[in-house]
Amino acid sequence: MSSSHGRRPIDIEEAESPPPPDGGYGWICVVAQFLINGFTWGVAASYSVYLAYYLSHDQFADGSTLDFALIGGFNFAFALLVAPLATLIARLYGVRAPMALGVVLFPAAFIGASFATRAWHLYLLQGMCIGIAIGLIYIPSTAIIPQWFLKKRSLANGICAAGSGIGGLIICFATQGMLANLGLPWSLRITAIVVFLVNSAATLLVRSRNEEVKPDQQIFNFRLLRSYHAMLLLGWSFVMMFGYITLMFSLSDYALATGRSGQDSATVAALLNLGAAVGRPMIGYLSDRYGRVEVAGLLTAICGVLVFVLWLPISVYSILLIFALIDGSILGVFWAVIGPLSADIVGLKELPAFLSIVWLSVALPSAAAEVISLELRRPKSGGWSYLHTQILAGLSYIVSSLFLFELWRSRRAKKETNSIENTEEYSS
């Protein structure tokens, strides 16, 4: 017995003392995380509206299609690249310290961008600084919800993840309206005011259980990479992110490429976010009920299949709206399950260190995906201009699902082996 205990696999979560309460103040933290997701990633999702605006207006003459794509990619990439710094500040001064820095930087970057006159101004402010601000607010808060829940962990995380859908829905419509009626500068300034107020309130509401859990506060723990299961989870994250970013940012411009108006383009983005708002809590519920790895793997594969069935062969606007709503409900499965899945694989104590590795692993595809997808466009081909981009998105989801199916197979095999060993030890 002692030898088998000493070889305990890394993905069996350690017993917590005291155990997560599965509620209580945790639900207040869920509300706070919901708001954070809505007014960080929801705001980042609204860049699809800005991207369509930049591509159809000559406001920044020195900016190319590649520039505007990279600016949106910077939102995601720098939000993830700042993870080590956010983790370090949280370790030294508490969870709220990096979040407070982000709360201040976020509106400052939007206000600065409202005075931009050159493309490099947008790179610095609407790309890099906004991305860093999102990371400083979001990264420290991601490990909090798993500390409060166990049996309802995926449901709670799914509700939180739905915030980005609700926020994206509201902000996409609001941004399109502000761009049409107030212009670019005031659209950015009003957004700055809103994100400051909402994220300030949410930061004050969050509360960690670090005193009880005593997590490993290392910025990185590369020992975790020795785990086959951890590597499979990272592989899924890396490959899938190419498809996720492509879908998030390309659908709005695709609507324009098929001859639709700017308002129609914003409607596509809004329905994508509405789907996320409805779908992510359901993903959480199903994950708790039927298994987190199984549900995540199946939905990842379905998302890829839908690209080939609904988006690629049909350019009718009504079908595009249906696709945006249905696929929007599952395309962000990563955000709905990554916290609970990571906790299952490495345990709560190792969760912050492992999430830092996760964020870095998806930084590259976050920055490069939309650049690649726009380079794959054939602008003069009408409804077929996005053919190669659509293939990239669909294959990314289908290939990445194979990592989770292998993770499911491997974990099941390990459980069966452990069960046989325990039975033999009990018999002896």
# chains A, B, ... in the order shown; residues from 1 in each chain; ligands from 1

call {"tool": "closest_atom_pairs", "arguments": {"of": "segment 227-288 of chain A", "to": "segment 63-72 of chain A", "cutoff": "10 Å", "atoms": "only C-alpha atoms", "output": "tab-separated table"}}
result
residue	atom	partner	partner_atom	distance
A:Ile245	CA	A:Gly72	CA	9.5
A:Phe249	CA	A:Gly72	CA	8.1
A:Ser250	CA	A:Ala69	CA	9.8

call {"tool": "write_last_selection", "arguments": {"atoms": "N, CA and C atoms", "output": "short mmCIF file (atom, residue, chain, number, x, y, z; two decimals), in the first residue's frame"}}
result
data_model
loop_
_atom_site.label_atom_id
_atom_site.label_comp_id
_atom_site.auth_asym_id
_atom_site.auth_seq_id
_atom_site.Cartn_x
_atom_site.Cartn_y
_atom_site.Cartn_z
N ILE A 245 -10.12 31.73 -32.28
CA ILE A 245 -9.84 33.12 -32.67
C ILE A 245 -10.32 33.39 -34.08
N PHE A 249 -13.28 36.37 -34.75
CA PHE A 249 -12.97 37.61 -35.45
C PHE A 249 -13.35 37.61 -36.92
N SER A 250 -13.59 36.46 -37.52
CA SER A 250 -13.80 36.40 -38.97
C SER A 250 -15.25 36.49 -39.39
#

call {"tool": "residues_around", "arguments": {"residues": "segment 189-199 of chain A", "least_positions_apart": "2", "cutoff": "7 Å", "atoms": "only C-alpha atoms", "output": "ChimeraX atom specification"}}
result
/A:35-36,39,103,107,110-111,114,185-187,201-203

call {"tool": "residues_around", "arguments": {"residues": "Ala108 of chain A", "least_positions_apart": "2", "cutoff": "9 Å", "atoms": "only C-alpha atoms", "output": "VMD selection string"}}
result
chain A and resid 104 to 106 110 to 113 125 129 to 130 192

call {"tool": "residues_around", "arguments": {"residues": "segment 80-89 of chain A", "least_positions_apart": "5", "cutoff": "8 Å", "atoms": "only C-alpha atoms", "output": "short mmCIF file (atom, residue, chain, number, x, y, z; two decimals) with all heavy atoms, in the first residue's frame"}}
result
data_model
loop_
_atom_site.label_atom_id
_atom_site.label_comp_id
_atom_site.auth_asym_id
_atom_site.auth_seq_id
_atom_site.Cartn_x
_atom_site.Cartn_y
_atom_site.Cartn_z
N GLY A 94 -1.30 39.69 -3.00
CA GLY A 94 -2.69 39.26 -2.96
C GLY A 94 -3.36 39.36 -4.32
O GLY A 94 -2.89 40.06 -5.22
N VAL A 95 -4.48 38.65 -4.45
CA VAL A 95 -5.16 38.53 -5.74
C VAL A 95 -5.62 39.88 -6.27
O VAL A 95 -5.58 40.14 -7.48
CB VAL A 95 -6.37 37.58 -5.59
CG1 VAL A 95 -7.27 37.65 -6.81
CG2 VAL A 95 -5.88 36.15 -5.39
N ALA A 97 -4.35 42.85 -6.02
CA ALA A 97 -3.32 43.81 -6.44
C ALA A 97 -3.14 43.88 -7.96
O ALA A 97 -3.25 44.97 -8.55
CB ALA A 97 -2.00 43.50 -5.74
N PRO A 98 -2.89 42.76 -8.64
CA PRO A 98 -2.78 42.85 -10.10
C PRO A 98 -4.09 43.24 -10.76
O PRO A 98 -4.09 43.93 -11.79
CB PRO A 98 -2.34 41.45 -10.53
CG PRO A 98 -2.77 40.56 -9.40
CD PRO A 98 -2.64 41.39 -8.16
N ILE A 132 -2.80 43.55 -21.96
CA ILE A 132 -2.15 43.44 -20.65
C ILE A 132 -3.16 43.70 -19.54
O ILE A 132 -3.19 42.99 -18.52
CB ILE A 132 -0.96 44.41 -20.55
CG1 ILE A 132 0.17 43.95 -21.48
CG2 ILE A 132 -0.46 44.52 -19.11
CD1 ILE A 132 1.31 44.95 -21.59
N GLY A 135 -5.40 40.72 -19.04
CA GLY A 135 -4.69 39.66 -18.34
C GLY A 135 -4.53 39.94 -16.85
O GLY A 135 -4.70 39.04 -16.02
N LEU A 136 -4.21 41.17 -16.48
CA LEU A 136 -4.02 41.52 -15.07
C LEU A 136 -5.31 41.36 -14.28
O LEU A 136 -5.29 41.01 -13.10
CB LEU A 136 -3.50 42.95 -14.96
CG LEU A 136 -2.05 43.19 -15.40
CD1 LEU A 136 -1.74 44.68 -15.41
CD2 LEU A 136 -1.08 42.45 -14.47
N ILE A 139 -6.51 36.89 -15.22
CA ILE A 139 -5.65 35.76 -14.84
C ILE A 139 -5.71 35.46 -13.34
O ILE A 139 -5.90 34.30 -12.95
CB ILE A 139 -4.20 36.01 -15.29
CG1 ILE A 139 -4.11 36.09 -16.82
CG2 ILE A 139 -3.27 34.94 -14.74
CD1 ILE A 139 -4.49 34.83 -17.54
N PRO A 140 -5.54 36.46 -12.45
CA PRO A 140 -5.54 36.13 -11.01
C PRO A 140 -6.89 35.58 -10.53
O PRO A 140 -6.94 34.85 -9.54
CB PRO A 140 -5.24 37.47 -10.34
CG PRO A 140 -4.60 38.31 -11.39
CD PRO A 140 -5.26 37.89 -12.67
N GLN A 217 2.37 28.72 -5.11
CA GLN A 217 2.38 30.03 -5.74
C GLN A 217 3.56 30.22 -6.67
O GLN A 217 3.92 31.35 -7.00
CB GLN A 217 2.39 31.13 -4.65
CG GLN A 217 1.14 31.18 -3.80
CD GLN A 217 -0.03 31.82 -4.53
OE1 GLN A 217 0.04 32.11 -5.70
NE2 GLN A 217 -1.13 32.03 -3.81
N GLN A 218 4.18 29.12 -7.11
CA GLN A 218 5.22 29.25 -8.12
C GLN A 218 4.63 29.83 -9.40
O GLN A 218 3.50 29.52 -9.78
CB GLN A 218 5.84 27.89 -8.45
CG GLN A 218 6.61 27.25 -7.31
CD GLN A 218 7.23 25.95 -7.75
OE1 GLN A 218 8.15 25.95 -8.56
NE2 GLN A 218 6.74 24.84 -7.23
N ILE A 219 5.41 30.69 -10.07
CA ILE A 219 4.95 31.24 -11.34
C ILE A 219 4.83 30.13 -12.36
O ILE A 219 3.86 30.06 -13.11
CB ILE A 219 5.92 32.33 -11.82
CG1 ILE A 219 5.97 33.47 -10.79
CG2 ILE A 219 5.51 32.86 -13.18
CD1 ILE A 219 6.98 34.54 -11.13
N PHE A 220 5.80 29.25 -12.41
CA PHE A 220 5.75 28.07 -13.27
C PHE A 220 6.17 26.86 -12.45
O PHE A 220 6.96 26.98 -11.52
CB PHE A 220 6.70 28.20 -14.47
CG PHE A 220 6.37 29.32 -15.40
CD1 PHE A 220 7.17 30.44 -15.44
CD2 PHE A 220 5.27 29.26 -16.22
CE1 PHE A 220 6.88 31.48 -16.30
CE2 PHE A 220 4.97 30.30 -17.09
CZ PHE A 220 5.78 31.41 -17.12
N PRO A 352 -2.72 27.24 -9.91
CA PRO A 352 -2.20 28.51 -10.44
C PRO A 352 -0.96 28.34 -11.31
O PRO A 352 -0.85 28.97 -12.36
CB PRO A 352 -1.87 29.31 -9.16
CG PRO A 352 -2.74 28.72 -8.10
CD PRO A 352 -2.82 27.26 -8.44
N SER A 356 -0.73 29.10 -15.49
CA SER A 356 0.27 29.98 -16.11
C SER A 356 0.86 29.34 -17.36
O SER A 356 1.09 30.01 -18.37
CB SER A 356 1.40 30.30 -15.12
OG SER A 356 0.94 31.13 -14.07
N TRP A 359 -1.86 29.45 -20.15
CA TRP A 359 -2.00 30.78 -20.80
C TRP A 359 -0.86 31.02 -21.79
O TRP A 359 -1.08 31.54 -22.88
CB TRP A 359 -2.03 31.88 -19.76
CG TRP A 359 -3.05 31.73 -18.68
CD1 TRP A 359 -2.88 31.97 -17.34
CD2 TRP A 359 -4.42 31.29 -18.80
NE1 TRP A 359 -4.03 31.72 -16.64
CE2 TRP A 359 -4.99 31.29 -17.52
CE3 TRP A 359 -5.21 30.90 -19.88
CZ2 TRP A 359 -6.31 30.93 -17.28
CZ3 TRP A 359 -6.53 30.52 -19.65
CH2 TRP A 359 -7.07 30.53 -18.37
N LEU A 360 0.34 30.65 -21.42
CA LEU A 360 1.46 30.83 -22.35
C LEU A 360 1.34 29.93 -23.57
O LEU A 360 1.71 30.32 -24.69
CB LEU A 360 2.79 30.56 -21.63
CG LEU A 360 3.25 31.62 -20.63
CD1 LEU A 360 4.64 31.28 -20.10
CD2 LEU A 360 3.28 33.01 -21.26
N VAL A 362 -1.28 29.08 -25.17
CA VAL A 362 -2.26 29.55 -26.15
C VAL A 362 -1.98 30.98 -26.61
O VAL A 362 -2.74 31.52 -27.42
CB VAL A 362 -3.70 29.44 -25.60
CG1 VAL A 362 -4.05 28.00 -25.31
CG2 VAL A 362 -3.89 30.29 -24.35
N ALA A 363 -0.91 31.59 -26.12
CA ALA A 363 -0.59 32.97 -26.52
C ALA A 363 -0.24 33.06 -28.01
O ALA A 363 -0.69 33.97 -28.71
CB ALA A 363 0.55 33.52 -25.67
#

call {"tool": "closest_residue", "arguments": {"among": "A:Val371, A:Met231, A:Ala270, A:Leu251", "to": "Glu406 of chain A", "atoms": "only C-alpha atoms"}}
result
A:Met231

call {"tool": "residues_around", "arguments": {"residues": "Leu272 of chain A", "least_positions_apart": "4", "cutoff": "7 Å", "atoms": "only C-alpha atoms", "output": "compact mmCIF listing (two decimals) with N, CA and C atoms, in the first residue's frame"}}
result
# COMPACT_ATOMS: atom_id res chain seq x y z
N VAL A 268 -24.24 39.51 -36.51
CA VAL A 268 -23.57 38.21 -36.51
C VAL A 268 -22.70 38.08 -35.26
N ALA A 276 -22.81 32.09 -26.82
CA ALA A 276 -21.88 31.81 -25.72
C ALA A 276 -22.57 31.99 -24.37
N ALA A 324 -24.00 31.22 -36.33
CA ALA A 324 -23.38 32.05 -35.28
C ALA A 324 -23.99 31.73 -33.92
N LEU A 325 -25.29 31.53 -33.86
CA LEU A 325 -25.95 31.25 -32.59
C LEU A 325 -25.60 29.86 -32.07
N GLY A 328 -21.75 29.54 -31.63
CA GLY A 328 -21.34 30.42 -30.53
C GLY A 328 -21.54 29.77 -29.18

call {"tool": "select_by_dssp", "arguments": {"residues": "segment 7-213 of chain A", "states": "helix (DSSP H, G or I)", "output": "MDAnalysis selection string"}}
result
chainID A and resid 26:38 41:45 47:56 65:81 83:93 96:113 119:141 144:148 153:181 184:205 210:213

call {"tool": "residues_around", "arguments": {"residues": "Gly165 of chain A", "least_positions_apart": "5", "cutoff": "12 Å", "atoms": "only C-alpha atoms", "output": "count of residues only"}}
result
42

call {"tool": "residues_around", "arguments": {"residues": "Arg292 of chain A", "least_positions_apart": "6", "cutoff": "10 Å", "atoms": "only C-alpha atoms", "output": "number ranges by chain"}}
result
A: 154, 283-286, 337-338, 340-341, 344, 404, 408

call {"tool": "closest_residue", "arguments": {"among": "A:Ala109, A:Val295, A:Val309, A:Ile137", "to": "Leu124 of chain A", "atoms": "only C-alpha atoms"}}
result
A:Ala109

call {"tool": "closest_residue", "arguments": {"among": "A:Leu184, A:Trp27, A:Met178, A:Thr117", "to": "Trp148 of chain A", "atoms": "only C-alpha atoms"}}
result
A:Trp27
